[in-house]
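Structure data (compact mmCIF, C-alpha atoms and all ligand atoms) from final-v3.txt:
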# COMPACT_ATOMS: atom_id res chain seq x y z
CA MET A 1 -5.09 12.18 77.02
CA SER A 2 -1.54 10.75 76.74
CA ALA A 3 -0.29 8.23 79.30
CA PRO A 4 1.76 9.62 82.22
CA ALA A 5 5.51 9.60 81.49
CA VAL A 6 7.83 7.30 83.41
CA GLY A 7 9.31 9.28 86.29
CA LEU A 8 11.25 8.98 89.53
CA HIS A 9 9.02 9.01 92.60
CA GLU A 10 9.96 9.15 96.26
CA PHE A 11 8.01 6.88 98.55
CA SER A 12 7.76 6.06 102.22
CA VAL A 13 6.72 2.69 103.59
CA VAL A 14 3.32 2.74 105.29
CA SER A 15 3.34 -0.95 106.25
CA ASN A 16 5.28 -4.07 105.28
CA GLU A 17 3.90 -7.30 106.68
CA PRO A 18 3.69 -11.01 105.91
CA ALA A 19 0.79 -11.85 103.59
CA ALA A 20 1.36 -15.62 103.36
CA GLU A 21 4.26 -18.07 103.58
CA GLY A 22 7.19 -16.37 101.79
CA LEU A 23 5.02 -13.46 100.69
CA MET A 24 5.01 -9.88 101.99
CA ARG A 25 2.50 -7.11 101.44
CA VAL A 26 4.02 -3.64 101.36
CA VAL A 27 2.02 -0.42 101.16
CA LEU A 28 3.94 2.60 99.85
CA SER A 29 2.91 6.21 100.20
CA ALA A 30 3.63 7.78 96.79
CA PRO A 31 0.71 10.07 95.90
CA ALA A 32 1.66 11.09 92.35
CA LEU A 33 2.65 7.54 91.41
CA ALA A 34 -0.56 6.14 92.89
CA ARG A 35 -2.60 8.52 90.73
CA GLU A 36 -0.66 7.69 87.55
CA LEU A 37 -0.54 3.87 87.71
CA SER A 38 -2.96 1.75 85.68
CA ALA A 39 -3.66 -1.93 86.37
CA GLY A 40 -1.02 -4.15 84.74
CA GLN A 41 1.80 -1.61 84.89
CA PHE A 42 4.70 -1.99 87.30
CA VAL A 43 7.19 0.03 89.33
CA ASN A 44 10.97 -0.39 89.57
CA VAL A 45 11.91 -0.03 93.22
CA ALA A 46 15.30 1.01 94.64
CA VAL A 47 15.81 -0.97 97.82
CA PRO A 48 18.29 0.54 100.28
CA GLY A 49 20.68 -1.48 102.43
CA ASP A 50 23.49 -2.48 100.06
CA ALA A 51 25.30 0.24 98.12
CA SER A 52 26.89 -2.39 95.81
CA GLN A 53 23.44 -3.38 94.48
CA VAL A 54 22.45 -0.77 91.93
CA LEU A 55 19.66 -2.67 90.17
CA ARG A 56 16.10 -1.85 91.11
CA VAL A 57 13.47 -4.54 91.77
CA PRO A 58 10.60 -4.57 89.24
CA LEU A 59 7.27 -5.20 90.97
CA SER A 60 3.65 -5.18 89.87
CA PHE A 61 1.02 -3.78 92.19
CA SER A 62 -2.28 -5.14 93.46
CA ARG A 63 -3.81 -1.75 94.24
CA ALA A 64 -3.01 1.86 93.41
CA ASP A 65 -5.27 4.13 95.45
CA GLY A 66 -5.13 7.64 94.00
CA GLU A 67 -7.23 9.09 96.83
CA ALA A 68 -5.15 7.63 99.64
CA GLY A 69 -1.94 8.14 97.65
CA THR A 70 -0.83 4.56 98.26
CA VAL A 71 0.46 1.63 96.20
CA GLU A 72 0.07 -1.94 97.51
CA ILE A 73 2.48 -4.65 96.35
CA VAL A 74 2.47 -8.33 97.30
CA TYR A 75 5.90 -9.81 96.69
CA ALA A 76 7.77 -13.06 97.19
CA VAL A 77 11.00 -12.92 99.16
CA VAL A 78 13.33 -14.79 96.81
CA GLY A 79 16.75 -13.14 96.90
CA ASP A 80 18.86 -10.28 98.10
CA GLY A 81 16.73 -7.39 96.81
CA THR A 82 13.42 -8.68 98.07
CA ARG A 83 15.03 -9.67 101.40
CA ARG A 84 16.18 -6.06 101.84
CA LEU A 85 12.70 -4.87 100.83
CA ALA A 86 11.17 -7.17 103.45
CA ALA A 87 13.40 -5.51 106.05
CA MET A 88 12.12 -2.00 105.29
CA ALA A 89 10.09 -0.66 108.22
CA ALA A 90 7.20 1.81 108.24
CA GLY A 91 8.53 5.32 107.69
CA GLU A 92 11.62 4.30 105.69
CA THR A 93 11.98 6.01 102.34
CA SER A 94 13.38 5.30 98.90
CA THR A 95 12.48 5.84 95.23
CA ALA A 96 10.50 4.00 92.56
CA VAL A 97 10.58 4.48 88.79
CA GLY A 98 7.15 4.36 87.19
CA PRO A 99 4.59 3.96 85.84
CA CYS A 100 6.48 1.32 83.80
CA GLY A 101 5.04 -0.73 80.94
CA ASN A 102 1.56 -1.04 79.56
CA PRO A 103 -1.71 -1.74 81.39
CA TRP A 104 -4.06 -4.68 80.96
CA PRO A 105 -6.23 -3.80 77.95
CA LEU A 106 -10.00 -4.04 78.17
CA PRO A 107 -11.35 -5.20 74.81
CA ALA A 108 -14.28 -3.08 73.60
CA GLY A 109 -17.57 -4.78 74.38
CA ALA A 110 -16.07 -7.36 76.77
CA ARG A 111 -18.77 -8.49 79.17
CA ARG A 112 -17.32 -11.51 80.91
CA ALA A 113 -13.72 -12.29 81.80
CA CYS A 114 -11.72 -14.85 83.73
CA VAL A 115 -8.55 -14.02 85.67
CA VAL A 116 -6.00 -16.75 86.37
CA ALA A 117 -3.20 -16.30 88.91
CA GLY A 118 -0.41 -18.69 89.78
CA GLY A 119 1.79 -18.06 92.83
CA VAL A 120 2.95 -14.48 93.12
CA GLY A 121 1.33 -13.73 89.75
CA ILE A 122 -1.65 -12.90 91.94
CA THR A 123 -0.42 -9.30 92.37
CA PRO A 124 -1.19 -7.87 88.89
CA VAL A 125 -4.21 -10.19 88.63
CA VAL A 126 -5.81 -8.54 91.68
CA ALA A 127 -5.21 -5.15 90.03
CA CYS A 128 -6.83 -6.55 86.88
CA ALA A 129 -9.87 -7.68 88.89
CA ARG A 130 -10.20 -4.16 90.34
CA MET A 131 -10.12 -2.77 86.79
CA LEU A 132 -12.82 -5.23 85.66
CA ALA A 133 -15.00 -4.51 88.70
CA GLY A 134 -14.65 -0.77 88.06
CA ALA A 135 -15.62 -1.23 84.40
CA GLY A 136 -18.65 -3.37 85.26
CA VAL A 137 -17.22 -6.48 83.57
CA ALA A 138 -18.31 -9.73 85.26
CA PHE A 139 -15.42 -12.04 86.10
CA ASP A 140 -14.51 -15.41 87.56
CA ALA A 141 -11.12 -16.20 89.03
CA VAL A 142 -8.73 -19.12 89.38
CA VAL A 143 -6.06 -18.70 92.06
CA GLY A 144 -3.39 -21.33 92.45
CA ALA A 145 -0.40 -21.90 94.72
CA GLN A 146 1.90 -24.78 95.54
CA THR A 147 0.36 -25.20 98.95
CA ALA A 148 -2.31 -23.64 101.21
CA GLY A 149 0.14 -21.51 103.19
CA ARG A 150 1.30 -19.69 100.05
CA LEU A 151 -2.18 -18.61 98.92
CA TRP A 152 -3.06 -14.95 98.91
CA GLY A 153 -5.85 -12.95 97.35
CA ALA A 154 -8.81 -15.33 96.94
CA ASP A 155 -10.78 -13.37 99.58
CA VAL A 156 -9.81 -10.09 97.94
CA LEU A 157 -11.14 -11.32 94.59
CA GLU A 158 -14.38 -12.43 96.27
CA GLY A 159 -14.66 -8.98 97.85
CA LEU A 160 -14.23 -7.40 94.43
CA GLY A 161 -17.29 -9.28 93.22
CA ALA A 162 -15.87 -12.29 91.39
CA GLY A 163 -18.68 -14.63 90.36
CA ARG A 164 -16.66 -17.70 91.20
CA VAL A 165 -13.23 -18.04 92.76
CA VAL A 166 -11.68 -21.46 92.20
CA VAL A 167 -8.69 -22.11 94.45
CA THR A 168 -6.17 -24.76 93.45
CA THR A 169 -3.10 -26.10 95.21
CA ASP A 170 -0.51 -28.42 93.72
CA ASP A 171 -0.54 -30.60 96.86
CA GLY A 172 -4.30 -30.48 97.50
CA SER A 173 -3.90 -28.75 100.89
CA ALA A 174 -6.59 -26.18 99.96
CA GLY A 175 -9.25 -26.03 97.28
CA ARG A 176 -8.99 -28.27 94.26
CA ALA A 177 -5.86 -30.44 93.97
CA GLY A 178 -3.84 -29.78 90.82
CA PHE A 179 -2.92 -26.93 88.55
CA THR A 180 -4.83 -23.75 87.68
CA THR A 181 -4.95 -24.88 84.05
CA ALA A 182 -7.20 -27.85 84.89
CA ALA A 183 -9.66 -25.55 86.67
CA LEU A 184 -9.55 -23.07 83.79
CA ALA A 185 -10.24 -25.85 81.27
CA ASP A 186 -13.46 -26.66 83.14
CA LEU A 187 -14.53 -23.00 83.23
CA LEU A 188 -13.74 -22.52 79.53
CA ALA A 189 -15.79 -25.61 78.71
CA GLU A 190 -18.85 -23.86 80.15
CA GLY A 191 -18.22 -21.04 77.67
CA GLY A 192 -19.12 -17.37 77.83
CA TYR A 193 -15.77 -15.64 78.40
CA ASP A 194 -14.68 -12.80 76.15
CA VAL A 195 -11.16 -12.59 77.54
CA VAL A 196 -8.81 -14.33 79.98
CA TYR A 197 -6.09 -12.44 81.90
CA THR A 198 -3.23 -14.35 83.48
CA CYS A 199 0.02 -13.99 85.39
CA GLY A 200 2.12 -16.73 86.97
CA PRO A 201 4.93 -19.11 86.12
CA GLU A 202 5.68 -19.04 82.39
CA VAL A 203 4.84 -22.72 81.98
CA MET A 204 1.41 -22.02 83.48
CA MET A 205 0.80 -19.02 81.22
CA ALA A 206 1.79 -21.12 78.21
CA GLY A 207 -0.85 -23.66 79.26
CA VAL A 208 -3.46 -20.93 79.76
CA ALA A 209 -2.61 -19.49 76.33
CA ARG A 210 -3.03 -22.91 74.70
CA LEU A 211 -6.39 -23.54 76.38
CA CYS A 212 -7.65 -20.10 75.33
CA ARG A 213 -6.52 -20.64 71.74
CA GLU A 214 -8.36 -23.98 71.64
CA ALA A 215 -11.48 -22.33 73.10
CA GLY A 216 -11.25 -19.32 70.78
CA VAL A 217 -11.03 -16.88 73.70
CA ALA A 218 -8.69 -13.85 73.75
CA CYS A 219 -5.87 -14.13 76.28
CA ARG A 220 -3.60 -11.48 77.79
CA VAL A 221 -0.49 -12.49 79.71
CA SER A 222 1.81 -10.53 82.03
CA MET A 223 5.40 -11.64 81.41
CA GLU A 224 8.43 -11.39 83.70
CA ARG A 225 12.05 -10.92 82.72
CA MET A 226 15.20 -9.90 84.53
CA MET A 227 15.32 -6.12 84.16
CA GLY A 228 17.87 -3.35 84.28
CA CYS A 229 16.31 0.02 83.57
CA GLY A 230 12.57 -0.80 83.35
CA PHE A 231 11.90 1.72 80.59
CA GLY A 232 13.40 0.43 77.35
CA ALA A 233 16.98 1.70 77.54
CA CYS A 234 19.18 -1.31 78.36
CA ASN A 235 17.95 -4.17 76.17
CA THR A 236 18.05 -6.82 78.92
CA CYS A 237 14.43 -7.90 79.03
CA ASN A 238 13.69 -9.37 75.60
CA VAL A 239 10.64 -11.55 75.02
CA ALA A 240 10.68 -13.79 71.93
CA MET A 241 7.67 -13.29 69.70
CA ALA A 242 5.92 -15.89 67.57
CA ASP A 243 6.89 -13.96 64.43
CA GLY A 244 10.61 -14.37 65.18
CA THR A 245 11.16 -10.84 66.52
CA TYR A 246 11.94 -9.75 70.07
CA ARG A 247 10.17 -7.13 72.14
CA SER A 248 11.09 -5.55 75.45
CA CYS A 249 9.16 -6.83 78.44
CA CYS A 250 9.47 -3.48 80.23
CA LYS A 251 8.34 -1.11 77.48
CA ASP A 252 6.36 -3.22 75.00
CA GLY A 253 4.96 -5.40 77.84
CA PRO A 254 4.75 -6.63 80.47
CA VAL A 255 1.26 -7.38 79.15
CA PHE A 256 1.17 -9.14 75.79
CA ASP A 257 -1.44 -10.78 73.64
CA ALA A 258 -0.78 -14.47 74.31
CA GLU A 259 -0.99 -15.17 70.58
CA GLU A 260 2.03 -12.91 69.93
CA VAL A 261 4.38 -14.72 72.32
CA ALA A 262 6.67 -17.59 71.27
CA TRP A 263 5.89 -20.10 73.99
C1 LIG B 1 7.26 -6.62 85.36
C2 LIG B 1 7.57 -7.45 86.57
C3 LIG B 1 6.69 -7.47 87.62
C4 LIG B 1 6.96 -8.25 88.74
N1 LIG B 1 6.05 -8.25 89.74
C5 LIG B 1 6.28 -8.99 90.84
C6 LIG B 1 5.35 -8.98 91.91
O1 LIG B 1 4.32 -8.30 91.87
N2 LIG B 1 5.64 -9.74 92.98
C7 LIG B 1 6.79 -10.49 93.05
O2 LIG B 1 7.00 -11.17 94.05
N3 LIG B 1 7.68 -10.51 92.06
C8 LIG B 1 7.47 -9.77 90.95
N4 LIG B 1 8.39 -9.76 89.96
C9 LIG B 1 9.64 -10.55 90.13
C10 LIG B 1 10.64 -9.76 90.96
O3 LIG B 1 11.08 -8.65 90.22
C11 LIG B 1 11.85 -10.65 91.30
O4 LIG B 1 11.44 -11.69 92.15
C12 LIG B 1 12.91 -9.82 92.01
O5 LIG B 1 13.51 -8.91 91.10
C13 LIG B 1 13.98 -10.71 92.60
O6 LIG B 1 14.99 -9.85 93.13
P1 LIG B 1 15.94 -10.35 94.31
O7 LIG B 1 17.10 -9.41 94.34
O8 LIG B 1 15.19 -10.58 95.55
O9 LIG B 1 16.39 -11.77 93.83
P2 LIG B 1 17.66 -12.18 92.98
O10 LIG B 1 18.72 -12.55 93.97
O11 LIG B 1 17.97 -11.18 91.94
O12 LIG B 1 17.07 -13.45 92.29
C14 LIG B 1 16.44 -14.51 93.03
C15 LIG B 1 15.76 -15.44 92.05
O13 LIG B 1 14.72 -14.75 91.34
C16 LIG B 1 14.97 -14.75 89.93
N5 LIG B 1 14.62 -13.40 89.41
C17 LIG B 1 15.24 -12.25 89.68
N6 LIG B 1 14.66 -11.24 89.03
C18 LIG B 1 13.64 -11.76 88.32
C19 LIG B 1 12.68 -11.22 87.44
N7 LIG B 1 12.63 -9.92 87.11
N8 LIG B 1 11.78 -12.06 86.90
C20 LIG B 1 11.81 -13.36 87.19
N9 LIG B 1 12.70 -13.94 88.01
C21 LIG B 1 13.61 -13.14 88.57
C22 LIG B 1 16.45 -15.03 89.80
O14 LIG B 1 16.74 -15.67 88.58
C23 LIG B 1 16.70 -15.95 90.96
O15 LIG B 1 16.31 -17.26 90.67
C24 LIG B 1 8.16 -9.01 88.83
C25 LIG B 1 9.06 -8.97 87.76
C26 LIG B 1 8.77 -8.22 86.64
C27 LIG B 1 9.74 -8.18 85.52
S1 LIG B 2 14.76 -3.44 81.41
FE1 LIG B 2 15.97 -2.09 80.21
S2 LIG B 2 15.15 -2.38 78.23
FE2 LIG B 2 13.80 -3.50 79.50
Target format structure tokens, applied to this file:
Amino acid sequence: MSAPAVGLHEFSVVSNEPAAEGLMRVVLSAPALARELSAGQFVNVAVPGDASQVLRVPLSFSRADGEAGTVEIVYAVVGDGTRRLAAMAAGETSTAVGPCGNPWPLPAGARRACVVAGGVGITPVVACARMLAGAGVAFDAVVGAQTAGRLWGADVLEGLGAGRVVVTTDDGSAGRAGFTTAALADLLAEGGYDVVYTCGPEVMMAGVARLCREAGVACRVSMERMMGCGFGACNTCNVAMADGTYRSCCKDGPVFDAEEVAW
């Protein structure tokens, strides 16, 4: 069966509430989109409130519930678009383009995985954990944030059946003090992972990619770029590849094999 084509979907906001410091959790009602999305893909959301702002906001999702017809997104409020999104109340409507990009791949025969999330990179990582749980693949998780107040999702990952959830904070205010990469290094040293999935700040993903290469474990990364169209038409979202070429984050990604990326 071929993948669903990218389309324009109307949505209404079901709820839009704080999830942690600087983070919001919005649930959209968009039945067709919810059925079509696969973990790792993203949507490009038109946020009303300023007619001069024509660019959509690309956002991953943490859950697409085909039965309920809803899409859950946890997002950081960082600028004008996400501030307007945070102001959308239940019942307000707009449109989203999707499903955009490619899903997290599940290597044939994978039995044990580790997911690593830094900051707001938690959103597609939670979707990844749902995919793993649904496929019967055992997984551990590392979830990091700058500080305790900005953590989201560790309990969700536990609820999804993660074997271990290691929480890290840069300032030591929750869990283990330090970066996610230090925690991952310890888990990799124990061995047994077939694949690592990660999303977070690019410097963190570069570190995760290096650790996985050294351990001989496959690694998939979800990249972020500024985006215009979200479906391969505007050439604004290039990602440099290790072989000297460029690929589009929106259409060829956002998920890449870490070995292919020029870090
Ligand atoms: C495929 C994809 C999935 C994403 N998923 C999520 C998600 O699940 N949750 C979430 O919180 N954010 C996610 N982002 C990032 C999100 O799109 C940006 O934070 C958002 O577009 C900022 O818009 P703004 O108008 O609020 O801020 P702006 O005023 O446009 O920018 C504010 C700051 O954010 C930076 N920024 C803007 N757009 C991006 C971008 N696309 N990537 C990286 N930095 C950007 C700007 O350089 C600036 O420093 C995702 C981005 C991509 C490309
Ligand atoms: S955002 Fe237009 S080509 Fe990627």
**OP:** Give the residues close to ligand LIG 1 (chain B), within 7 Å, counting only C-alpha atoms and all ligand atoms; write them as a ChimeraX atom specification.
**Re:** /A:42,57-61,73-83,120-121,123-124,223-227,250,254
Subject >> Near-ligand residues for ligand LIG 2 (chain B), threshold 7 Å, all atoms listed in the file, as a VMD selection string >> reply: chain A and resid 227 to 237 248 to 251
Original post:
If we count all atoms listed in the file, what is near Glu92 (chain A) at a cut-off of 8 Å, once residues fewer than 2 positions away on the same chain are taken out, given as a list in words?
Top reply: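 In the requested format, the answer is Ser12, Val13, Met88, Ala89, Ala90 and Ser94 of chain A.
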Original post:
Out of A:Phe11, A:Phe139, A:Phe179, A:Trp263, which residue has the shortest atom-to-atom distance to Tyr193 (chain A) when counting all atoms listed in the file?
Top reply: A:Phe139
**OP:** Grab the CA of Tyr197 (chain A) to CA of Cys219 (chain A) distance for me, in Å with one decimal place.
**Re:**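 Interatomic distance here is 5.9 Å.
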**OP:** Excluding Glu190 (chain A) and residues on its chain fewer than 6 positions from it, collect all residues at most 12 Å away from it, counting only C-alpha atoms, and give them as a list in words.
**Re:**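 Residues meeting the cut-off are Ala183, Leu184 and Ala215 of chain A.
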**OP:** Take CA of Ala96 (chain A) and CA of Arg56 (chain A) and report the distance between them in Å, one decimal.
**Re:**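 Calculated distance between CA of Ala96 (chain A) and CA of Arg56 (chain A) is 8.2 Å.
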